[in-house]
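As provided, target-v2.csv (CSV, C-alpha atoms and all ligand atoms) reads as follows.
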```csv
chain,number,residue,atom,x,y,z
A,1,MET,CA,5.4,23.9,6.9
A,2,ILE,CA,2.3,22.4,5.2
A,3,LEU,CA,-0.5,24.0,7.2
A,4,SER,CA,-3.1,21.3,6.3
A,5,ASP,CA,-0.9,18.8,8.1
A,6,LEU,CA,-1.7,20.6,11.4
A,7,ASN,CA,-4.8,20.3,13.5
A,8,TYR,CA,-6.5,23.4,15.0
A,9,ASP,CA,-4.5,23.3,18.2
A,10,GLU,CA,-1.2,22.9,16.5
A,11,LEU,CA,-1.9,25.8,14.1
A,12,LYS,CA,-2.7,27.9,17.1
A,13,THR,CA,0.6,27.0,18.8
A,14,LEU,CA,2.5,27.6,15.6
A,15,PHE,CA,1.0,31.1,15.3
A,16,LEU,CA,1.6,31.8,19.0
A,17,GLN,CA,5.2,30.9,18.7
A,18,ALA,CA,5.6,33.1,15.6
A,19,GLY,CA,4.1,36.0,17.6
A,20,TYR,CA,0.9,36.2,15.6
A,21,GLN,CA,-2.4,37.0,17.4
A,22,PRO,CA,-4.3,33.8,18.3
A,23,PHE,CA,-7.5,34.8,16.4
A,24,ARG,CA,-5.5,34.7,13.2
A,25,ALA,CA,-5.1,31.0,13.6
A,26,GLU,CA,-8.9,30.7,13.6
A,27,GLN,CA,-9.2,32.8,10.5
A,28,VAL,CA,-6.5,30.9,8.6
A,29,TYR,CA,-7.9,27.5,9.7
A,30,ARG,CA,-11.2,28.4,8.2
A,31,TRP,CA,-9.8,29.7,4.9
A,32,LEU,CA,-7.6,26.6,4.7
A,33,LEU,CA,-10.5,24.3,4.9
A,34,ASP,CA,-12.5,26.4,2.5
A,35,GLY,CA,-9.7,25.6,0.0
A,36,LYS,CA,-8.3,29.1,-0.3
A,37,ASP,CA,-4.7,30.0,-0.8
A,38,PHE,CA,-3.0,32.7,1.2
A,39,PHE,CA,-3.5,35.4,-1.3
A,40,GLN,CA,-7.3,34.7,-1.2
A,41,MET,CA,-7.5,35.1,2.6
A,42,SER,CA,-9.1,38.5,2.2
A,43,ASN,CA,-9.6,39.4,5.8
A,44,LEU,CA,-5.9,39.1,6.6
A,45,PRO,CA,-3.5,42.0,6.2
A,46,LEU,CA,-1.6,41.8,2.9
A,47,GLN,CA,1.8,41.8,4.7
A,48,PHE,CA,0.7,38.9,6.9
A,49,ARG,CA,-0.5,36.9,3.9
A,50,GLU,CA,2.9,37.5,2.2
A,51,SER,CA,4.9,36.4,5.2
A,52,LEU,CA,2.7,33.3,5.6
A,53,ALA,CA,3.2,32.5,1.9
A,54,LYS,CA,6.9,32.8,2.2
A,55,GLU,CA,7.2,30.3,5.0
A,56,HIS,CA,4.3,27.9,4.5
A,57,ILE,CA,2.1,26.0,2.0
A,58,ALA,CA,-1.6,26.2,2.7
A,59,CYS,CA,-2.9,23.2,0.9
A,60,PRO,CA,-0.4,21.0,-1.0
A,61,VAL,CA,-2.9,19.4,-3.3
A,62,LYS,CA,-4.0,21.1,-6.6
A,63,ILE,CA,-6.5,19.6,-9.0
A,64,GLU,CA,-4.8,19.4,-12.4
A,65,GLU,CA,-7.2,17.4,-14.5
A,66,ILE,CA,-10.9,16.4,-14.2
A,67,LEU,CA,-12.6,13.6,-16.1
A,68,LYS,CA,-16.3,13.4,-15.9
A,69,SER,CA,-18.2,10.1,-16.4
A,70,LYS,CA,-21.6,9.7,-17.9
A,71,ASP,CA,-22.7,8.2,-14.5
A,72,GLY,CA,-22.0,11.4,-12.6
A,73,SER,CA,-18.7,10.2,-11.1
A,74,GLU,CA,-15.6,12.3,-11.6
A,75,LYS,CA,-11.9,11.4,-11.6
A,76,TYR,CA,-9.2,13.8,-10.6
A,77,LEU,CA,-5.6,14.0,-11.1
A,78,TYR,CA,-3.9,16.0,-8.4
A,79,GLY,CA,-0.5,17.7,-8.3
A,80,LEU,CA,1.5,17.7,-5.1
A,81,SER,CA,3.9,20.4,-4.1
A,82,ASP,CA,6.9,18.2,-4.9
A,83,GLY,CA,5.7,17.5,-8.4
A,84,ASN,CA,4.3,14.0,-7.7
A,85,ILE,CA,0.8,13.2,-9.0
A,86,ILE,CA,-2.0,11.2,-7.3
A,87,GLU,CA,-5.6,10.6,-8.2
A,88,GLY,CA,-9.0,10.3,-6.7
A,89,VAL,CA,-12.7,9.7,-7.6
A,90,PHE,CA,-15.9,11.5,-6.6
A,91,MET,CA,-19.0,9.4,-6.6
A,92,PRO,CA,-22.6,10.7,-6.1
A,93,HIS,CA,-24.6,8.1,-4.1
A,94,ASP,CA,-28.1,8.3,-2.7
A,95,TYR,CA,-26.7,7.9,0.8
A,96,GLY,CA,-24.3,10.8,0.3
A,97,ASP,CA,-21.6,12.2,-2.0
A,98,THR,CA,-18.4,10.2,-1.6
A,99,LEU,CA,-14.8,10.9,-2.2
A,100,CYS,CA,-12.3,8.2,-2.7
A,101,VAL,CA,-8.8,9.3,-1.5
A,102,SER,CA,-5.3,8.1,-2.1
A,103,THR,CA,-3.0,7.5,0.8
A,104,GLN,CA,0.3,6.9,-0.9
A,105,VAL,CA,2.1,7.9,-4.2
A,106,GLY,CA,2.1,4.4,-5.8
A,107,CYS,CA,1.9,1.3,-3.6
A,108,ARG,CA,4.2,-1.5,-2.7
A,109,MET,CA,1.6,-4.3,-2.4
A,110,GLY,CA,1.8,-5.3,-6.1
A,111,CYS,CA,-1.7,-6.8,-6.4
A,112,GLU,CA,-2.0,-8.6,-9.7
A,113,PHE,CA,-5.1,-6.7,-11.0
A,114,CYS,CA,-4.3,-3.2,-9.7
A,115,ALA,CA,-2.7,-0.4,-11.6
A,116,SER,CA,-1.5,1.5,-8.5
A,117,GLY,CA,1.3,-0.9,-7.7
A,118,ILE,CA,2.9,-1.1,-11.1
A,119,GLY,CA,5.7,1.3,-10.4
A,120,GLY,CA,6.0,0.4,-6.7
A,121,LEU,CA,5.8,2.8,-3.8
A,122,VAL,CA,7.1,6.3,-4.4
A,123,ARG,CA,6.3,7.7,-0.9
A,124,ASN,CA,3.7,8.1,1.8
A,125,LEU,CA,1.3,11.0,1.7
A,126,THR,CA,1.2,13.2,4.7
A,127,SER,CA,-2.1,13.6,6.6
A,128,GLY,CA,-2.4,17.1,5.1
A,129,GLU,CA,-2.0,15.7,1.6
A,130,ILE,CA,-4.8,13.2,2.2
A,131,LEU,CA,-7.0,16.0,3.8
A,132,GLY,CA,-6.0,18.3,0.9
A,133,GLN,CA,-7.8,16.0,-1.6
A,134,VAL,CA,-11.0,16.5,0.4
A,135,ILE,CA,-10.5,20.2,0.7
A,136,ALA,CA,-9.8,20.6,-3.0
A,137,VAL,CA,-12.8,18.6,-4.2
A,138,ASN,CA,-15.1,20.2,-1.7
A,139,ALA,CA,-14.1,23.6,-2.9
A,140,LEU,CA,-14.3,22.6,-6.6
A,141,ARG,CA,-17.9,21.5,-6.0
A,142,GLY,CA,-18.8,24.9,-4.5
A,143,GLY,CA,-18.5,23.8,-0.8
A,144,ASN,CA,-16.6,25.2,2.1
A,145,MET,CA,-15.9,24.3,5.7
A,146,LYS,CA,-19.4,24.8,6.9
A,147,ASP,CA,-21.3,23.7,3.8
A,148,ARG,CA,-19.7,20.4,2.8
A,149,LYS,CA,-20.3,18.9,-0.6
A,150,ILE,CA,-18.7,15.6,0.5
A,151,SER,CA,-20.3,13.5,3.2
A,152,ASN,CA,-18.5,10.2,2.9
A,153,ILE,CA,-14.9,9.3,2.5
A,154,VAL,CA,-13.4,6.0,1.3
A,155,LEU,CA,-9.7,5.4,1.7
A,156,MET,CA,-9.7,3.2,-1.4
A,157,GLY,CA,-7.6,5.2,-3.8
A,158,SER,CA,-3.9,4.5,-4.6
A,159,GLY,CA,-1.9,3.1,-1.7
A,160,GLU,CA,-2.3,0.8,1.2
A,161,PRO,CA,-3.7,3.0,4.1
A,162,LEU,CA,-2.4,0.7,6.8
A,163,ASP,CA,1.1,0.9,5.3
A,164,ASN,CA,0.9,4.6,6.1
A,165,PHE,CA,-0.7,4.1,9.5
A,166,ASP,CA,0.2,7.2,11.5
A,167,ASN,CA,-0.6,9.7,8.8
A,168,VAL,CA,-3.9,7.9,8.0
A,169,VAL,CA,-5.0,7.9,11.6
A,170,ARG,CA,-4.1,11.6,11.8
A,171,PHE,CA,-6.1,12.3,8.7
A,172,VAL,CA,-9.1,10.5,10.1
A,173,LYS,CA,-8.9,12.6,13.3
A,174,ASN,CA,-8.4,15.9,11.4
A,175,VAL,CA,-11.1,15.4,8.8
A,176,SER,CA,-13.7,14.5,11.5
A,177,ASP,CA,-12.7,17.3,13.8
A,178,SER,CA,-15.9,19.1,14.8
A,179,ARG,CA,-14.1,22.5,14.6
A,180,GLY,CA,-13.2,21.7,11.0
A,181,LEU,CA,-14.8,19.7,8.2
A,182,ASN,CA,-16.6,17.5,10.7
A,183,ILE,CA,-17.1,14.5,8.5
A,184,GLY,CA,-18.6,11.7,10.7
A,185,ARG,CA,-16.2,8.8,11.5
A,186,ARG,CA,-19.0,6.4,10.6
A,187,SER,CA,-19.0,7.9,7.1
A,188,ILE,CA,-15.4,7.0,6.6
A,189,SER,CA,-14.3,3.6,5.2
A,190,LEU,CA,-10.8,2.3,5.3
A,191,SER,CA,-9.8,-0.4,2.9
A,192,THR,CA,-6.8,-2.7,3.5
A,193,CYS,CA,-5.2,-5.6,1.6
A,194,GLY,CA,-5.0,-7.3,5.0
A,195,LEU,CA,-2.1,-6.2,7.1
A,196,THR,CA,-3.2,-8.1,10.2
A,197,ASP,CA,-1.1,-6.4,12.8
A,198,LYS,CA,-2.2,-3.0,11.7
A,199,MET,CA,-5.8,-4.1,11.5
A,200,ARG,CA,-5.6,-5.0,15.2
A,201,GLU,CA,-3.9,-1.8,16.1
A,202,LEU,CA,-6.7,0.1,14.3
A,203,ALA,CA,-9.3,-1.9,16.2
A,204,ASP,CA,-7.6,-1.0,19.5
A,205,LEU,CA,-7.8,2.7,18.5
A,206,ASN,CA,-11.6,2.3,18.0
A,207,LEU,CA,-11.8,5.4,15.7
A,208,GLY,CA,-15.3,4.4,14.6
A,209,VAL,CA,-14.4,4.0,10.9
A,210,THR,CA,-15.7,1.1,8.8
A,211,LEU,CA,-13.0,-1.5,8.0
A,212,SER,CA,-13.1,-3.0,4.5
A,213,VAL,CA,-10.9,-5.9,3.8
A,214,SER,CA,-9.8,-6.9,0.3
A,215,LEU,CA,-10.1,-10.6,0.5
A,216,HIS,CA,-10.5,-11.5,-3.2
A,217,ALA,CA,-10.0,-15.3,-2.6
A,218,THR,CA,-10.9,-18.0,-0.1
A,219,LEU,CA,-7.8,-20.2,-0.5
A,220,ASP,CA,-4.3,-19.1,0.2
A,221,GLU,CA,-3.1,-20.6,-3.0
A,222,TYR,CA,-5.4,-18.4,-5.1
A,223,ARG,CA,-5.0,-15.3,-2.9
A,224,GLN,CA,-1.3,-15.5,-3.3
A,225,ARG,CA,-1.6,-15.5,-7.0
A,226,LEU,CA,-3.6,-12.3,-6.9
A,227,MET,CA,-2.0,-10.6,-3.9
A,228,PRO,CA,1.7,-11.0,-2.9
A,229,ILE,CA,0.9,-9.9,0.6
A,230,ALA,CA,-1.0,-13.2,1.0
A,231,LYS,CA,2.3,-14.9,1.2
A,232,LYS,CA,2.9,-13.1,4.5
A,233,TYR,CA,-0.6,-13.3,6.0
A,234,SER,CA,-2.9,-16.3,5.4
A,235,VAL,CA,-6.6,-16.0,4.7
A,236,SER,CA,-7.4,-17.3,8.2
A,237,GLN,CA,-5.1,-14.8,9.8
A,238,VAL,CA,-6.8,-12.0,7.8
A,239,ILE,CA,-10.3,-13.3,8.8
A,240,ASP,CA,-9.2,-13.5,12.5
A,241,ALA,CA,-8.0,-9.9,12.4
A,242,ALA,CA,-11.2,-8.8,10.8
A,243,ARG,CA,-13.1,-10.6,13.5
A,244,TYR,CA,-11.0,-8.9,16.1
A,245,TYR,CA,-12.0,-5.6,14.6
A,246,PHE,CA,-15.6,-6.5,14.7
A,247,GLU,CA,-15.4,-7.7,18.3
A,248,LYS,CA,-13.4,-4.7,19.5
A,249,THR,CA,-15.5,-2.0,17.8
A,250,GLY,CA,-18.9,-3.6,17.2
A,251,ARG,CA,-18.6,-2.3,13.6
A,252,ARG,CA,-19.7,-4.5,10.7
A,253,VAL,CA,-16.7,-5.5,8.5
A,254,VAL,CA,-16.9,-5.3,4.8
A,255,PHE,CA,-15.1,-7.8,2.6
A,256,GLU,CA,-14.2,-6.7,-0.9
A,257,TYR,CA,-14.1,-9.5,-3.4
A,258,SER,CA,-13.0,-8.9,-7.0
A,259,MET,CA,-14.5,-11.6,-9.1
A,260,VAL,CA,-12.0,-13.2,-11.4
A,261,LYS,CA,-13.4,-15.6,-14.0
A,262,GLY,CA,-12.5,-19.2,-13.3
A,263,VAL,CA,-10.5,-18.4,-10.2
A,264,ASN,CA,-12.5,-17.4,-7.2
A,265,MET,CA,-16.2,-17.7,-7.8
A,266,ASN,CA,-17.4,-21.3,-7.7
A,267,TYR,CA,-19.7,-22.9,-5.1
A,268,ALA,CA,-16.8,-24.0,-2.9
A,269,ASP,CA,-15.7,-20.4,-2.6
A,270,ALA,CA,-19.2,-19.3,-1.6
A,271,ARG,CA,-19.3,-22.1,1.0
A,272,ARG,CA,-15.9,-21.3,2.4
A,273,LEU,CA,-16.8,-17.6,2.6
A,274,SER,CA,-20.0,-18.4,4.6
A,275,GLU,CA,-17.9,-20.5,7.0
A,276,TYR,CA,-15.3,-17.8,7.5
A,277,LEU,CA,-17.8,-15.1,8.2
A,278,ALA,CA,-20.2,-17.1,10.4
A,279,GLY,CA,-20.9,-15.3,13.7
A,280,MET,CA,-19.4,-12.0,12.5
A,281,SER,CA,-21.4,-9.0,11.3
A,282,ALA,CA,-20.1,-8.8,7.8
A,283,HIS,CA,-21.0,-7.8,4.3
A,284,VAL,CA,-19.4,-9.0,1.1
A,285,ASN,CA,-18.9,-6.4,-1.6
A,286,LEU,CA,-18.5,-8.2,-4.9
A,287,ILE,CA,-16.5,-6.1,-7.3
A,288,MET,CA,-16.6,-6.3,-11.1
A,289,LEU,CA,-12.9,-6.2,-12.1
A,290,ASN,CA,-11.9,-3.1,-14.1
A,291,LYS,CA,-9.6,-4.2,-16.8
A,292,VAL,CA,-6.1,-2.6,-16.5
A,293,ASP,CA,-3.8,-2.4,-19.5
A,294,GLY,CA,-1.0,-4.9,-19.4
A,295,LYS,CA,-2.6,-7.0,-16.8
A,296,ASN,CA,-3.6,-10.5,-18.0
A,297,ILE,CA,-6.6,-11.1,-15.8
A,298,ASP,CA,-10.2,-11.2,-16.7
A,299,GLY,CA,-13.3,-10.3,-14.7
A,300,CYS,CA,-16.7,-11.9,-15.2
A,301,SER,CA,-20.0,-10.9,-16.8
A,302,LYS,CA,-22.7,-9.2,-14.9
A,303,LEU,CA,-24.8,-12.4,-15.0
A,304,GLU,CA,-21.9,-14.5,-13.6
A,305,GLY,CA,-21.4,-12.0,-10.9
A,306,GLU,CA,-25.0,-12.0,-9.9
A,307,ARG,CA,-25.0,-15.8,-9.8
A,308,PHE,CA,-22.1,-15.9,-7.4
A,309,CYS,CA,-23.9,-13.3,-5.3
A,310,ALA,CA,-27.0,-15.4,-5.2
A,311,LYS,CA,-25.0,-18.4,-4.1
A,312,LEU,CA,-23.7,-16.4,-1.2
A,313,ASN,CA,-27.1,-15.0,-0.3
A,314,ALA,CA,-28.5,-18.6,-0.3
A,315,LEU,CA,-25.8,-19.6,2.2
A,316,GLY,CA,-26.9,-16.7,4.5
A,317,VAL,CA,-24.1,-14.3,3.6
A,318,SER,CA,-25.0,-10.7,3.2
A,319,ALA,CA,-23.5,-9.8,-0.2
A,320,THR,CA,-24.1,-7.4,-3.1
A,321,VAL,CA,-22.5,-6.7,-6.4
A,322,ARG,CA,-20.9,-3.3,-6.2
A,323,ARG,CA,-22.3,-0.8,-8.7
A,324,SER,CA,-19.3,-0.1,-10.8
A,325,MET,CA,-18.7,3.6,-11.4
A,326,GLY,CA,-16.4,5.5,-13.7
A,327,SER,CA,-15.3,2.6,-15.9
A,328,ASP,CA,-15.4,5.1,-18.8
A,329,ILE,CA,-12.9,7.4,-17.0
A,330,GLU,CA,-10.3,4.8,-15.8
A,331,GLY,CA,-12.0,4.7,-12.4
A,332,ALA,CA,-9.9,1.9,-10.9
A,333,CYS,CA,-7.0,2.5,-8.6
A,334,GLY,CA,-4.0,4.1,-10.2
A,335,GLN,CA,-5.2,3.9,-13.8
A,336,LEU,CA,-5.2,7.6,-14.6
A,337,ARG,CA,-1.8,8.2,-13.0
A,338,ARG,CA,-0.3,5.4,-15.0
A,339,ARG,CA,-1.6,6.9,-18.2
A,340,ARG,CA,0.0,10.3,-17.3
A,341,LEU,CA,3.3,8.6,-16.4
A,342,THR,CA,3.6,6.4,-19.5
A,401,LIG,N1,-4.8,-1.0,-0.7
A,401,LIG,C1,-6.1,-1.0,-0.2
A,401,LIG,C2,-7.0,0.1,-0.8
A,401,LIG,C3,-6.9,0.4,-2.2
A,401,LIG,S1,-7.7,-0.6,-3.4
A,401,LIG,C4,-6.7,-2.4,-0.5
A,401,LIG,O1,-6.1,-3.2,-1.0
A,401,LIG,O2,-7.9,-2.6,0.0
A,401,LIG,C5,-9.4,-0.5,-3.2
A,401,LIG,C6,-10.1,-1.8,-3.7
A,401,LIG,O3,-10.1,-1.8,-5.2
A,401,LIG,C7,-9.4,-3.0,-3.3
A,401,LIG,O4,-10.3,-4.0,-2.9
A,401,LIG,C8,-8.7,-3.4,-4.6
A,401,LIG,O5,-8.3,-4.8,-4.5
A,401,LIG,C9,-9.6,-3.0,-5.6
A,401,LIG,N2,-9.1,-2.9,-7.0
A,401,LIG,C10,-7.9,-2.5,-7.3
A,401,LIG,N3,-7.7,-2.5,-8.7
A,401,LIG,C11,-8.9,-3.0,-9.2
A,401,LIG,C12,-9.4,-3.2,-10.5
A,401,LIG,N4,-8.6,-3.0,-11.6
A,401,LIG,N5,-10.6,-3.7,-10.6
A,401,LIG,C13,-11.4,-3.8,-9.5
A,401,LIG,N6,-11.0,-3.6,-8.3
A,401,LIG,C14,-9.8,-3.2,-8.1
```
Could you render the structure from this file as structure tokens?
Amino acid sequence: MILSDLNYDELKTLFLQAGYQPFRAEQVYRWLLDGKDFFQMSNLPLQFRESLAKEHIACPVKIEEILKSKDGSEKYLYGLSDGNIIEGVFMPHDYGDTLCVSTQVGCRMGCEFCASGIGGLVRNLTSGEILGQVIAVNALRGGNMKDRKISNIVLMGSGEPLDNFDNVVRFVKNVSDSRGLNIGRRSISLSTCGLTDKMRELADLNLGVTLSVSLHATLDEYRQRLMPIAKKYSVSQVIDAARYYFEKTGRRVVFEYSMVKGVNMNYADARRLSEYLAGMSAHVNLIMLNKVDGKNIDGCSKLEGERFCAKLNALGVSATVRRSMGSDIEGACGQLRRRRLT
């Protein structure tokens, strides 16, 4: 059993069934979230630690490589217990230190500009493997369960979170558990390529997380060129589902928009965006594309990005150009893992 997959109550039940004393569950839960392995759980009898280690895995995520950027962000390559590798990014922000986590090994969405989907989907991560990324980086940065070094989480690493719905929801519940890491739901953002049924399902759960939608184009024709999933769900269906999320939860929806030169950033795009988002509390996050090896697609200059942003602002759309971090350490989705695999 992977213990980080369990919530506090499930861990208690497991220990009870195994005949262990209930207070042991409390001790192990704490050590687990502090990022310690069984042999480091120093207030447990040695024999107990040995029997736990024989039957269970504490945290299935180990940091294998760290790349530090000049801008303070860090990129991690993590090893999983089955030998698969995933990656993540730590970003210091003035509103709080943020960790970007992966939700799948690989991805089956196949977006044109993204490195994560190049080899397709390998498998879903369990909730404990998503939580394990937070535990590992928190511990690496000198934090523990009570003294957290990460205050914000973005589900924007490799994978499509809503394609791994149940494990992702479980992760959100566990990472925000007040008995555990207690990371506020409002400090968690989930980014989706626009799986509309699942967006609605998420809205109905009303977890309190921020929804980010990777829109990237205002016309179906162009969106389909960038994102195969757009053949299944039209731009207007995606906008409708985002509006549903806003109406159900009252939460402002963020739209991610990667600027591609000559494709999605002229005046008509700005105008269409302003029409789509009218009456909804929304923010457009304009992204400077990170060039991925082997992908024949070009971003724009900073100035062109700012001009497009100004067009949106003039039309009354709340929009900013996202500060790009980690471009010197292959910060974009899946880039580091690709390098390791090729
Ligand atoms: N699957 C989810 C979350 C992962 S990607 C989604 O599609 O939203 C997080 C964001 O980074 C998405 O907006 C994605 O389109 C964007 N992205 C992926 N590769 C990129 C690249 N090379 N440059 C800039 N943004 C990229």
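Reported to one decimal place, the separation of CA of Ile85 (chain A) from CA of Val254 (chain A) is 29.1 Å.
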Compile the contact shell of region 246-253 of chain A as a short mmCIF file (atom, residue, chain, number, x, y, z; two decimals) with C-alpha atoms, in the frame of the given file: residues with an atom at most 12 Å away, counting only C-alpha atoms, same-chain residues fewer than 4 positions apart removed.
```cif
data_model
loop_
_atom_site.label_atom_id
_atom_site.label_comp_id
_atom_site.auth_asym_id
_atom_site.auth_seq_id
_atom_site.Cartn_x
_atom_site.Cartn_y
_atom_site.Cartn_z
CA ARG A 185 -16.20 8.80 11.50
CA ARG A 186 -19.00 6.40 10.60
CA SER A 189 -14.30 3.60 5.20
CA LEU A 190 -10.80 2.30 5.30
CA SER A 191 -9.80 -0.40 2.90
CA THR A 192 -6.80 -2.70 3.50
CA MET A 199 -5.80 -4.10 11.50
CA ARG A 200 -5.60 -5.00 15.20
CA GLU A 201 -3.90 -1.80 16.10
CA LEU A 202 -6.70 0.10 14.30
CA ALA A 203 -9.30 -1.90 16.20
CA ASP A 204 -7.60 -1.00 19.50
CA LEU A 205 -7.80 2.70 18.50
CA ASN A 206 -11.60 2.30 18.00
CA LEU A 207 -11.80 5.40 15.70
CA GLY A 208 -15.30 4.40 14.60
CA VAL A 209 -14.40 4.00 10.90
CA THR A 210 -15.70 1.10 8.80
CA LEU A 211 -13.00 -1.50 8.00
CA SER A 212 -13.10 -3.00 4.50
CA VAL A 213 -10.90 -5.90 3.80
CA SER A 214 -9.80 -6.90 0.30
CA LEU A 215 -10.10 -10.60 0.50
CA VAL A 238 -6.80 -12.00 7.80
CA ILE A 239 -10.30 -13.30 8.80
CA ASP A 240 -9.20 -13.50 12.50
CA ALA A 241 -8.00 -9.90 12.40
CA ALA A 242 -11.20 -8.80 10.80
CA LEU A 277 -17.80 -15.10 8.20
CA GLY A 279 -20.90 -15.30 13.70
CA MET A 280 -19.40 -12.00 12.50
CA SER A 281 -21.40 -9.00 11.30
CA ALA A 282 -20.10 -8.80 7.80
CA HIS A 283 -21.00 -7.80 4.30
CA VAL A 284 -19.40 -9.00 1.10
CA ASN A 285 -18.90 -6.40 -1.60
CA SER A 318 -25.00 -10.70 3.20
CA ALA A 319 -23.50 -9.80 -0.20
#
```
Identify, counting all atoms listed in the file, the protein, DNA and RNA residues located within 7 Å of ligand LIG 401 (chain A), and give them as a VMD selection string.
-> chain A and resid 113 to 115 155 to 161 191 to 193 212 to 214 256 to 258 287 to 292 332 to 333
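Between Val105 (chain A) and the residues A:Ala230, A:Ala58, A:Ile86, A:Ala217, the shortest atom-to-atom distance, using only C-alpha atoms, involves A:Ile86.
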Skipping near chain neighbours, those fewer than 2 positions away, what residues fall within 8 Å of region 262-269 of chain A using only C-alpha atoms, listed as a VMD selection string?
-> chain A and resid 216 to 218 222 259 to 260 271 to 273 308 311
Straight-line distance linking CA of Gly19 (chain A) with CA of Gly180 (chain A), stated in Å to one decimal = 23.4 Å
Could all heavy atoms be built for region 266-271 of chain A and written out as a compact mmCIF listing (two decimals), keeping the file's coordinate frame?
```
# COMPACT_ATOMS: atom_id res chain seq x y z
N ASN A 266 -16.55 -20.07 -7.57
CA ASN A 266 -17.40 -21.30 -7.70
C ASN A 266 -18.10 -21.55 -6.33
O ASN A 266 -17.92 -20.82 -5.36
CB ASN A 266 -16.61 -22.46 -8.20
CG ASN A 266 -15.35 -22.67 -7.41
OD1 ASN A 266 -15.36 -22.47 -6.20
ND2 ASN A 266 -14.28 -23.04 -8.08
N TYR A 267 -18.84 -22.64 -6.33
CA TYR A 267 -19.70 -22.90 -5.10
C TYR A 267 -18.81 -23.10 -3.89
O TYR A 267 -19.15 -22.61 -2.80
CB TYR A 267 -20.56 -24.14 -5.38
CG TYR A 267 -21.51 -24.35 -4.24
CD1 TYR A 267 -22.62 -23.51 -4.07
CD2 TYR A 267 -21.27 -25.34 -3.28
CE1 TYR A 267 -23.47 -23.66 -2.99
CE2 TYR A 267 -22.12 -25.50 -2.19
CZ TYR A 267 -23.21 -24.65 -2.06
OH TYR A 267 -24.05 -24.79 -0.99
N ALA A 268 -17.67 -23.77 -4.04
CA ALA A 268 -16.80 -24.00 -2.90
C ALA A 268 -16.31 -22.69 -2.28
O ALA A 268 -16.16 -22.58 -1.06
CB ALA A 268 -15.60 -24.88 -3.30
N ASP A 269 -16.08 -21.68 -3.14
CA ASP A 269 -15.70 -20.40 -2.60
C ASP A 269 -16.78 -19.77 -1.78
O ASP A 269 -16.54 -19.22 -0.70
CB ASP A 269 -15.33 -19.42 -3.77
CG ASP A 269 -14.06 -19.82 -4.49
OD1 ASP A 269 -13.03 -19.91 -3.81
OD2 ASP A 269 -14.10 -20.07 -5.70
N ALA A 270 -18.01 -19.86 -2.30
CA ALA A 270 -19.20 -19.30 -1.60
C ALA A 270 -19.30 -20.01 -0.23
O ALA A 270 -19.52 -19.37 0.81
CB ALA A 270 -20.42 -19.46 -2.41
N ARG A 271 -19.14 -21.31 -0.25
CA ARG A 271 -19.30 -22.10 1.00
C ARG A 271 -18.21 -21.71 2.01
O ARG A 271 -18.49 -21.47 3.18
CB ARG A 271 -19.24 -23.58 0.68
CG ARG A 271 -19.75 -24.48 1.80
CD ARG A 271 -19.77 -25.95 1.41
NE ARG A 271 -18.66 -26.35 0.56
CZ ARG A 271 -17.39 -26.51 0.97
NH1 ARG A 271 -17.08 -26.33 2.22
NH2 ARG A 271 -16.45 -26.88 0.11
```
